[in-house]
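Here is the file model_7.pdb (PDB, C-alpha atoms).
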```pdb
MODEL        1
ATOM      1  CA  MET A   1      11.789  75.259 250.906
ATOM      2  CA  SER A   2      14.070  76.448 248.117
ATOM      3  CA  ALA A   3      16.287  79.485 248.709
ATOM      4  CA  GLU A   4      15.529  82.709 246.890
ATOM      5  CA  LYS A   5      17.952  83.180 244.003
ATOM      6  CA  ASN A   6      19.917  86.379 244.343
ATOM      7  CA  ARG A   7      23.048  85.477 242.412
ATOM      8  CA  PHE A   8      23.569  84.410 238.801
ATOM      9  CA  LEU A   9      26.534  82.425 237.634
ATOM     10  CA  PHE A  10      27.066  82.050 233.888
ATOM     11  CA  VAL A  11      29.521  79.281 233.049
ATOM     12  CA  VAL A  12      31.105  79.910 229.642
ATOM     13  CA  SER A  13      32.841  76.992 227.990
ATOM     14  CA  THR A  14      32.427  78.039 224.356
ATOM     15  CA  GLY A  15      35.176  80.142 222.856
ATOM     16  CA  ALA A  16      36.368  82.312 220.008
ATOM     17  CA  ASN A  17      35.982  79.364 217.615
ATOM     18  CA  GLU A  18      32.171  79.747 217.871
ATOM     19  CA  PRO A  19      31.580  83.483 217.287
ATOM     20  CA  LYS A  20      27.790  83.152 216.943
ATOM     21  CA  LYS A  21      27.629  81.874 220.513
ATOM     22  CA  ALA A  22      30.163  84.322 221.911
ATOM     23  CA  PHE A  23      27.970  87.347 222.605
ATOM     24  CA  THR A  24      25.075  85.648 224.396
ATOM     25  CA  PRO A  25      26.597  84.982 227.836
ATOM     26  CA  PHE A  26      27.925  88.547 228.126
ATOM     27  CA  TYR A  27      24.580  90.043 227.104
ATOM     28  CA  TYR A  28      22.544  87.847 229.467
ATOM     29  CA  ALA A  29      24.961  88.462 232.309
ATOM     30  CA  ALA A  30      24.656  92.207 231.649
ATOM     31  CA  ALA A  31      20.866  91.757 231.893
ATOM     32  CA  ALA A  32      21.046  89.902 235.211
ATOM     33  CA  ALA A  33      23.332  92.582 236.655
ATOM     34  CA  ALA A  34      21.073  95.352 235.319
ATOM     35  CA  MET A  35      18.168  93.693 237.142
ATOM     36  CA  GLY A  36      20.056  93.929 240.396
ATOM     37  CA  TYR A  37      21.422  90.384 240.749
ATOM     38  CA  GLU A  38      24.985  89.766 241.836
ATOM     39  CA  THR A  39      26.351  88.302 238.606
ATOM     40  CA  TYR A  40      29.417  86.305 237.648
ATOM     41  CA  LEU A  41      30.798  84.981 234.376
ATOM     42  CA  PHE A  42      33.071  81.988 234.881
ATOM     43  CA  PHE A  43      35.230  81.085 231.869
ATOM     44  CA  VAL A  44      36.368  77.458 231.529
ATOM     45  CA  ALA A  45      37.821  75.244 228.766
ATOM     46  CA  GLU A  46      37.461  77.253 225.487
ATOM     47  CA  GLY A  47      35.900  80.194 227.375
ATOM     48  CA  PRO A  48      39.067  82.141 228.286
ATOM     49  CA  SER A  49      39.906  82.460 224.574
ATOM     50  CA  LEU A  50      37.078  85.025 224.335
ATOM     51  CA  LEU A  51      39.012  87.354 226.612
ATOM     52  CA  LYS A  52      42.208  87.369 224.552
ATOM     53  CA  ARG A  53      42.883  90.816 223.120
ATOM     54  CA  GLU A  54      42.676  89.661 219.527
ATOM     55  CA  SER A  55      39.303  87.959 220.172
ATOM     56  CA  LEU A  56      37.811  91.106 221.677
ATOM     57  CA  GLN A  57      38.400  92.906 218.388
ATOM     58  CA  SER A  58      38.046  90.102 215.840
ATOM     59  CA  VAL A  59      35.071  88.059 217.100
ATOM     60  CA  ARG A  60      31.843  89.314 215.508
ATOM     61  CA  THR A  61      28.536  87.555 214.868
ATOM     62  CA  THR A  62      28.336  89.003 211.376
ATOM     63  CA  GLU A  63      31.018  90.562 209.175
ATOM     64  CA  ASP A  64      29.720  94.090 209.714
ATOM     65  CA  GLY A  65      28.620  93.514 213.315
ATOM     66  CA  GLU A  66      30.051  95.041 216.490
ATOM     67  CA  PRO A  67      33.197  93.458 217.969
ATOM     68  CA  LEU A  68      32.955  91.300 221.093
ATOM     69  CA  GLN A  69      34.601  94.115 223.063
ATOM     70  CA  LYS A  70      31.266  95.944 222.998
ATOM     71  CA  VAL A  71      29.359  93.341 225.067
ATOM     72  CA  VAL A  72      32.352  92.692 227.312
ATOM     73  CA  ASP A  73      32.386  96.402 228.176
ATOM     74  CA  LEU A  74      28.603  96.359 228.678
ATOM     75  CA  ALA A  75      28.840  93.474 231.148
ATOM     76  CA  LEU A  76      31.711  95.128 233.044
ATOM     77  CA  LYS A  77      29.876  98.475 233.124
ATOM     78  CA  ASN A  78      26.817  96.788 234.636
ATOM     79  CA  GLY A  79      29.003  95.292 237.363
ATOM     80  CA  VAL A  80      29.364  91.684 236.171
ATOM     81  CA  LYS A  81      32.372  90.016 237.790
ATOM     82  CA  PHE A  82      34.632  87.885 235.602
ATOM     83  CA  LEU A  83      36.270  84.728 236.963
ATOM     84  CA  VAL A  84      38.649  82.825 234.713
ATOM     85  CA  CYS A  85      39.723  79.195 235.193
ATOM     86  CA  SER A  86      43.405  79.597 235.860
ATOM     87  CA  VAL A  87      44.354  76.190 234.464
ATOM     88  CA  ALA A  88      42.506  76.701 231.154
ATOM     89  CA  ALA A  89      43.755  80.273 230.788
ATOM     90  CA  LYS A  90      47.371  79.637 231.681
ATOM     91  CA  VAL A  91      47.922  76.124 230.288
ATOM     92  CA  ILE A  92      45.680  76.021 227.210
ATOM     93  CA  TRP A  93      45.535  79.689 226.243
ATOM     94  CA  LYS A  94      48.880  80.920 227.623
ATOM     95  CA  MET A  95      47.235  83.954 229.194
ATOM     96  CA  GLY A  96      48.801  85.961 231.971
ATOM     97  CA  GLU A  97      47.032  88.161 234.503
ATOM     98  CA  ASP A  98      47.916  91.203 232.376
ATOM     99  CA  GLU A  99      45.742  89.831 229.576
ATOM    100  CA  LEU A 100      42.558  89.718 231.646
ATOM    101  CA  PRO A 101      40.039  92.564 231.378
ATOM    102  CA  PRO A 102      40.151  95.058 234.275
ATOM    103  CA  GLY A 103      38.603  93.522 237.377
ATOM    104  CA  ALA A 104      38.754  89.924 236.097
ATOM    105  CA  GLN A 105      40.425  87.383 238.333
ATOM    106  CA  PHE A 106      41.791  83.895 238.016
ATOM    107  CA  ALA A 107      39.861  81.268 239.958
ATOM    108  CA  GLY A 108      40.080  77.531 240.519
ATOM    109  CA  ALA A 109      37.690  74.596 240.215
ATOM    110  CA  SER A 110      36.921  74.777 243.927
ATOM    111  CA  THR A 111      35.579  78.324 243.487
ATOM    112  CA  LEU A 112      33.154  77.161 240.790
ATOM    113  CA  ILE A 113      32.022  74.146 242.857
ATOM    114  CA  GLU A 114      31.497  76.278 245.945
ATOM    115  CA  MET A 115      29.460  78.858 244.027
ATOM    116  CA  THR A 116      27.249  76.300 242.272
ATOM    117  CA  ALA A 117      26.613  74.509 245.589
ATOM    118  CA  ASP A 118      25.124  77.692 247.031
ATOM    119  CA  PRO A 119      21.309  77.362 246.787
ATOM    120  CA  SER A 120      20.902  81.115 246.320
ATOM    121  CA  THR A 121      22.824  80.896 243.024
ATOM    122  CA  ALA A 122      21.172  80.251 239.657
ATOM    123  CA  VAL A 123      23.615  78.640 237.234
ATOM    124  CA  LEU A 124      23.352  78.993 233.448
ATOM    125  CA  TYR A 125      25.687  77.147 231.121
ATOM    126  CA  PHE A 126      26.886  78.469 227.776
TER
ATOM    127  CA  MET B  27       8.520 120.635 224.899
ATOM    128  CA  GLY B  28       8.801 121.661 221.238
ATOM    129  CA  ASN B  29      10.928 124.707 222.085
ATOM    130  CA  ALA B  30      13.241 122.918 224.504
ATOM    131  CA  PRO B  31      16.936 123.668 223.983
ATOM    132  CA  SER B  32      18.600 121.024 221.877
ATOM    133  CA  TYR B  33      22.131 119.982 221.020
ATOM    134  CA  LYS B  34      22.794 117.541 218.169
ATOM    135  CA  GLY B  35      19.052 116.992 218.076
ATOM    136  CA  CYS B  36      18.887 116.038 221.778
ATOM    137  CA  LYS B  37      16.271 118.020 223.696
ATOM    138  CA  ILE B  38      16.657 118.964 227.346
ATOM    139  CA  PRO B  39      13.457 120.741 228.483
ATOM    140  CA  GLU B  40      14.201 123.422 231.058
ATOM    141  CA  ASP B  41      11.181 122.743 233.263
ATOM    142  CA  LEU B  42      12.418 119.330 234.421
ATOM    143  CA  TYR B  43      15.025 118.094 236.865
ATOM    144  CA  TYR B  44      17.764 115.738 235.689
ATOM    145  CA  ASP B  45      20.046 113.149 237.212
ATOM    146  CA  LEU B  46      23.211 113.355 235.139
ATOM    147  CA  GLU B  47      24.635 110.178 236.627
ATOM    148  CA  TYR B  48      21.586 107.979 235.991
ATOM    149  CA  HIS B  49      20.376 109.886 232.890
ATOM    150  CA  VAL B  50      16.763 110.202 233.940
ATOM    151  CA  TRP B  51      14.441 113.192 234.118
ATOM    152  CA  VAL B  52      12.146 114.006 237.006
ATOM    153  CA  LYS B  53       8.924 116.006 236.976
ATOM    154  CA  VAL B  54       7.578 116.803 240.421
ATOM    155  CA  ASP B  55       3.811 117.127 240.690
ATOM    156  CA  GLY B  56       2.770 117.747 244.286
ATOM    157  CA  GLU B  57       3.865 114.733 246.322
ATOM    158  CA  ILE B  58       4.510 112.611 243.247
ATOM    159  CA  ALA B  59       7.515 112.414 240.901
ATOM    160  CA  PHE B  60       7.286 111.213 237.307
ATOM    161  CA  ILE B  61      10.517 109.656 236.071
ATOM    162  CA  GLY B  62      11.703 108.749 232.570
ATOM    163  CA  ALA B  63      14.785 108.403 230.371
ATOM    164  CA  THR B  64      16.411 111.535 228.959
ATOM    165  CA  ASP B  65      16.644 112.149 225.230
ATOM    166  CA  PRO B  66      20.427 111.519 225.130
ATOM    167  CA  ALA B  67      19.927 108.310 227.159
ATOM    168  CA  GLN B  68      17.380 106.904 224.689
ATOM    169  CA  ALA B  69      19.656 107.832 221.772
ATOM    170  CA  TYR B  70      22.597 106.088 223.429
ATOM    171  CA  ALA B  71      20.540 102.942 224.025
ATOM    172  CA  GLY B  72      19.069 102.786 220.505
ATOM    173  CA  GLU B  73      15.594 101.410 219.829
ATOM    174  CA  ILE B  74      14.342  99.998 223.092
ATOM    175  CA  ILE B  75      12.809  96.577 222.592
ATOM    176  CA  TYR B  76      12.044  95.560 226.156
ATOM    177  CA  LEU B  77      11.497  97.390 229.390
ATOM    178  CA  LYS B  78      11.117  95.510 232.672
ATOM    179  CA  VAL B  79       9.773  97.822 235.340
ATOM    180  CA  LYS B  80       9.561  97.306 239.111
ATOM    181  CA  GLY B  81       5.980  96.857 240.245
ATOM    182  CA  ARG B  82       3.701  99.126 242.252
ATOM    183  CA  GLY B  83       4.577  99.200 245.927
ATOM    184  CA  THR B  84       8.294  98.532 245.357
ATOM    185  CA  LYS B  85      10.441 100.579 247.707
ATOM    186  CA  VAL B  86      13.608 101.855 246.061
ATOM    187  CA  PRO B  87      16.520 103.806 247.473
ATOM    188  CA  ARG B  88      18.141 106.588 245.448
ATOM    189  CA  GLY B  89      20.330 104.695 242.968
ATOM    190  CA  GLY B  90      18.188 101.562 243.204
ATOM    191  CA  ILE B  91      16.919  99.885 240.053
ATOM    192  CA  LEU B  92      13.555 101.121 238.765
ATOM    193  CA  ALA B  93      13.636  99.347 235.422
ATOM    194  CA  THR B  94      15.857  97.349 233.101
ATOM    195  CA  VAL B  95      16.276  98.718 229.590
ATOM    196  CA  GLU B  96      17.012  96.393 226.708
ATOM    197  CA  SER B  97      17.852  97.249 223.108
ATOM    198  CA  ALA B  98      19.729  95.423 220.374
ATOM    199  CA  LYS B  99      22.981  97.084 221.455
ATOM    200  CA  TYR B 100      22.378  98.086 225.066
ATOM    201  CA  MET B 101      21.342  96.464 228.301
ATOM    202  CA  GLY B 102      21.315  98.435 231.505
ATOM    203  CA  PRO B 103      19.457  99.593 234.565
ATOM    204  CA  MET B 104      17.343 102.721 234.883
ATOM    205  CA  ARG B 105      18.258 103.913 238.367
ATOM    206  CA  SER B 106      16.084 105.936 240.661
ATOM    207  CA  PRO B 107      17.070 109.574 241.190
ATOM    208  CA  LEU B 108      15.005 109.662 244.401
ATOM    209  CA  SER B 109      14.231 107.327 247.293
ATOM    210  CA  GLY B 110      10.604 106.341 247.457
ATOM    211  CA  VAL B 111       7.837 103.914 246.617
ATOM    212  CA  VAL B 112       6.628 103.098 243.104
ATOM    213  CA  VAL B 113       2.989 104.187 242.940
ATOM    214  CA  GLU B 114       2.384 103.644 239.229
ATOM    215  CA  THR B 115       4.093 102.314 236.137
ATOM    216  CA  ASN B 116       3.309 103.431 232.602
ATOM    217  CA  GLY B 117       1.643 100.392 231.029
ATOM    218  CA  GLU B 118       1.582 102.007 227.594
ATOM    219  CA  VAL B 119       5.355 102.454 227.641
ATOM    220  CA  VAL B 120       5.936  98.949 229.013
ATOM    221  CA  SER B 121       3.919  97.381 226.190
ATOM    222  CA  ASN B 122       5.440  99.712 223.572
ATOM    223  CA  PRO B 123       8.914 100.695 224.858
ATOM    224  CA  SER B 124       9.962 102.421 221.634
ATOM    225  CA  LEU B 125       7.684 105.282 222.767
ATOM    226  CA  VAL B 126      10.644 106.262 224.951
ATOM    227  CA  ASN B 127      12.689 106.712 221.778
ATOM    228  CA  ARG B 128       9.980 108.653 219.999
ATOM    229  CA  ASP B 129       9.054 111.063 222.790
ATOM    230  CA  PRO B 130      11.140 110.521 225.928
ATOM    231  CA  TYR B 131       9.629 113.381 227.923
ATOM    232  CA  ALA B 132       6.033 112.324 227.286
ATOM    233  CA  SER B 133       6.909 108.711 228.104
ATOM    234  CA  TRP B 134       7.332 108.577 231.851
ATOM    235  CA  VAL B 135       8.265 105.104 233.004
ATOM    236  CA  VAL B 136       7.630 105.163 236.736
ATOM    237  CA  CYS B 137       5.673 107.382 239.068
ATOM    238  CA  LEU B 138       7.236 107.521 242.532
ATOM    239  CA  LYS B 139       6.148 108.857 245.911
ATOM    240  CA  PRO B 140       9.446 110.226 247.232
ATOM    241  CA  ASP B 141      10.441 109.572 250.860
ATOM    242  CA  ASN B 142      12.734 112.560 251.138
ATOM    243  CA  LEU B 143      12.016 114.962 248.294
ATOM    244  CA  ASP B 144      13.276 118.041 250.119
ATOM    245  CA  GLY B 145      16.513 116.307 251.034
ATOM    246  CA  GLU B 146      17.207 114.775 247.624
ATOM    247  CA  ILE B 147      15.902 117.272 245.074
ATOM    248  CA  GLY B 148      19.088 119.291 245.555
ATOM    249  CA  LEU B 149      21.080 116.344 244.207
ATOM    250  CA  LEU B 150      19.384 116.782 240.836
ATOM    251  CA  THR B 151      20.301 119.304 238.160
ATOM    252  CA  LYS B 152      17.821 121.883 236.930
ATOM    253  CA  GLY B 153      16.989 122.062 233.234
ATOM    254  CA  LYS B 154      19.051 125.054 232.166
ATOM    255  CA  GLU B 155      22.249 123.801 233.773
ATOM    256  CA  ALA B 156      21.526 120.246 232.627
ATOM    257  CA  SER B 157      21.203 121.325 228.995
ATOM    258  CA  GLU B 158      24.669 122.917 229.198
ATOM    259  CA  ARG B 159      26.249 119.925 230.946
ATOM    260  CA  TYR B 160      24.648 117.457 228.559
ATOM    261  CA  LYS B 161      26.573 118.962 225.627
ATOM    262  CA  LYS B 162      29.806 117.441 226.888
ATOM    263  CA  ILE B 163      28.130 114.101 227.590
ATOM    264  CA  ILE B 164      26.539 114.024 224.119
ATOM    265  CA  ASP B 165      29.955 114.685 222.558
ATOM    266  CA  GLU B 166      31.603 112.003 224.682
ATOM    267  CA  TRP B 167      28.940 109.469 223.743
ATOM    268  CA  GLY B 168      29.153 110.464 220.076
ATOM    269  CA  ILE B 169      25.392 110.443 219.648
ATOM    270  CA  GLN B 170      22.856 112.321 217.558
ATOM    271  CA  CYS B 171      19.272 112.227 218.830
ATOM    272  CA  ARG B 172      17.330 112.542 215.604
TER
ENDMDL
END
```
Go ahead and express the file in the form of C-alpha cells.
Amino acid sequence: MSAEKNRFLFVVSTGANEPKKAFTPFYYAAAAAAMGYETYLFFVAEGPSLLKRESLQSVRTTEDGEPLQKVVDLALKNGVKFLVCSVAAKVIWKMGEDELPPGAQFAGASTLIEMTADPSTAVLYF
Amino acid sequence: MGNAPSYKGCKIPEDLYYDLEYHVWVKVDGEIAFIGATDPAQAYAGEIIYLKVKGRGTKVPRGGILATVESAKYMGPMRSPLSGVVVETNGEVVSNPSLVNRDPYASWVVCLKPDNLDGEIGLLTKGKEASERYKKIIDEWGIQCR
C-alpha cells in the first residue's frame, strides 16, 4: 500500500538564465503550501542563481512583468521552506549564507536523497 | 450592503464579523456560519481564477485551511476563523470564482457548523471596529477596491 503524500519537494535546477521557467516552481510550491502540505524548494545546479539579490529584481517573464522577488515572497509567506545545495551555491555561485532569503538554509546531497526516499513525499522536478 | 462604510472603494459592512488576520468575514445564522473573503482581501488577490474548497464534512480547526485561492498574482490559503465542520460549499462561487471579486459579501465560500461559537466569536472583530482597522491595512497593502 502506498503512503499518503503529505509533503511536497520541488527540486529546482533551472536558473536565472531561463527566466520564463523561473517563476513556476515558486508559484506551485506556494500552492502546495496554501493547500496545507509541508512544502520544500530545493535548489541545485543552476537553481541557487535564482536567489541571488540581482536575480530577484532583474528576472522577469516579460519586460513589464513583476520581478521574481514577488513569487519568492509569496512562497515564503505561505510557509515554503527553502533548501539550497551548499556546493552549488558556494562553489558555482559564490553565495554566502547572508545572501540567502530569510529562513533559507544550506543543505547537502544527503538531505535531498533522504527526503526523496521518504514515501510520504511527492517530488516535482523543475 | 450598498450603504456599507467604504475606504478607497473597499466596503466593510457593519453587520458582519471579521477576522483581521485571515481576512475573511463571518455571518452567523443560528447554528451556522457563512464565511467568505473580505473586499480588501479580494482586491489584494486580484481576479480570482481558481478556488479549491474543502469538501462537506471536513473538520477544520480555527486557522485551518478552508480553501485555496489562486489568481494570476496571488496564491494563498483562506483560513477558517472558527473551528467546526464544513456543512456546505458554494458551488456557484467554486465554478465562477470571480464572483468573489464582484460581490465578496454575497459570495460566501463555505458554510460551517461551529464547534465552539461562544468561545471563538470573541476572537473576531465586529463590523464598525473592523472598518476602522481595515483603513490601515488597506493603506499598507496599497490597494483600491474598485
- Which residue out of B:Val120, B:Ala93, B:Val112, B:Met101 has the minimum interatomic distance to B:Gly72 when all atoms listed in the file are used? B:Met101
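Across the model, the gap from atom CA of A:Ala30 to atom CA of A:Leu74 is 6.5 Å.
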- Message: Can you work out which residues from chain A touch chain B at a cut-off of 8 Å (counting only C-alpha atoms) and hand them back as a list of chain:residue names?
- Response: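 Result: A:Tyr27, A:Ala30, A:Ala31, A:Ala34, A:Met35, A:Gly36, A:Leu74, A:Asn78.
With the shown file loaded, the PyMOL selection byres ((chain B and resi 65) around 8) picks out Cys36, Lys37, Ile38, Ala63, Thr64, Pro66, Ala67, Gln68, Ala69, Asn127, Pro130, Tyr131 and Cys171 of chain B.
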- Message: Take the PyMOL selection byres ((chain A and resi 25) around 9), run it mentally on this structure, and tell me the resulting residues as an MDAnalysis selection string.
- Response: chainID A and resid 10:12 21:24 26:30 41 124:126
- Message: Report, in Å to a single decimal, how far apart atom CA of B:Ile169 and atom CA of A:Pro19 are.
- Response: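 Interatomic distance, atom CA of A:Pro19 to atom CA of B:Ile169: 27.8 Å.
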- Query: Between atom CA of B:His49 and atom CA of A:Gln57, what is the distance, to one decimal in Å?
  - Reply: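 About the pair atom CA of B:His49 and atom CA of A:Gln57: they are 28.7 Å apart.
Counting all atoms listed in the file, A:Pro67 has the following residues at most 8 Å away, ignoring those fewer than 4 positions along the same chain: A:Leu56, A:Gln57, A:Ser58, A:Val59, A:Arg60.
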- Query: Which neighbours of stretch 108-123 of chain A fall inside 7 Å, counting all atoms listed in the file, when residues of the same chain fewer than 3 positions from it are skipped, and could you give them as a list of chain:residue names?
  - Reply: A:Ala3, A:Glu4, A:Lys5, A:Asn6, A:Arg7, A:Phe8, A:Leu9, A:Phe10, A:Cys85, A:Ser86
- Message: Please expand the PyMOL selection byres ((chain B and resi 142) around 8) into the concrete residues it hits in this file, giving the result as a list in words.
- Response: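 Selection result, ordered by chain and number: Leu108, Ser109, Gly110, Pro140, Asp141, Leu143, Asp144, Gly145 and Glu146 of chain B.
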- Taking (38.1, 92.6, 230.3) in the file's own coordinates, collect the residues within 8 Å, counting all atoms listed in the file, and hand them back as an MDAnalysis selection string. chainID A and resid 51 72:73 76 82 100:104
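Considering all atoms listed in the file, the residue among A:Ile92, A:Ala16, A:Leu83, A:Ala75 positioned nearest to A:Ser49 is A:Ala16.
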- Pick from A:Ala89, A:Ala45, A:Leu50, A:Val84 nearest to A:Gln105, counting only C-alpha atoms: A:Val84
- Task: Go through A:Val71, A:Ala33, A:Val91, A:Val80 and flag the residue nearest A:Pro48, using only C-alpha atoms for the distances.
- Result: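 Checking each candidate against A:Pro48, we get A:Val91 as the closest.
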- Smallest atom-to-atom distance to B:Val52: which of B:Lys152, B:Lys162, B:Lys85, B:Arg128, using all atoms listed in the file?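 Ranked by minimum distance to B:Val52, first place goes to B:Lys152.
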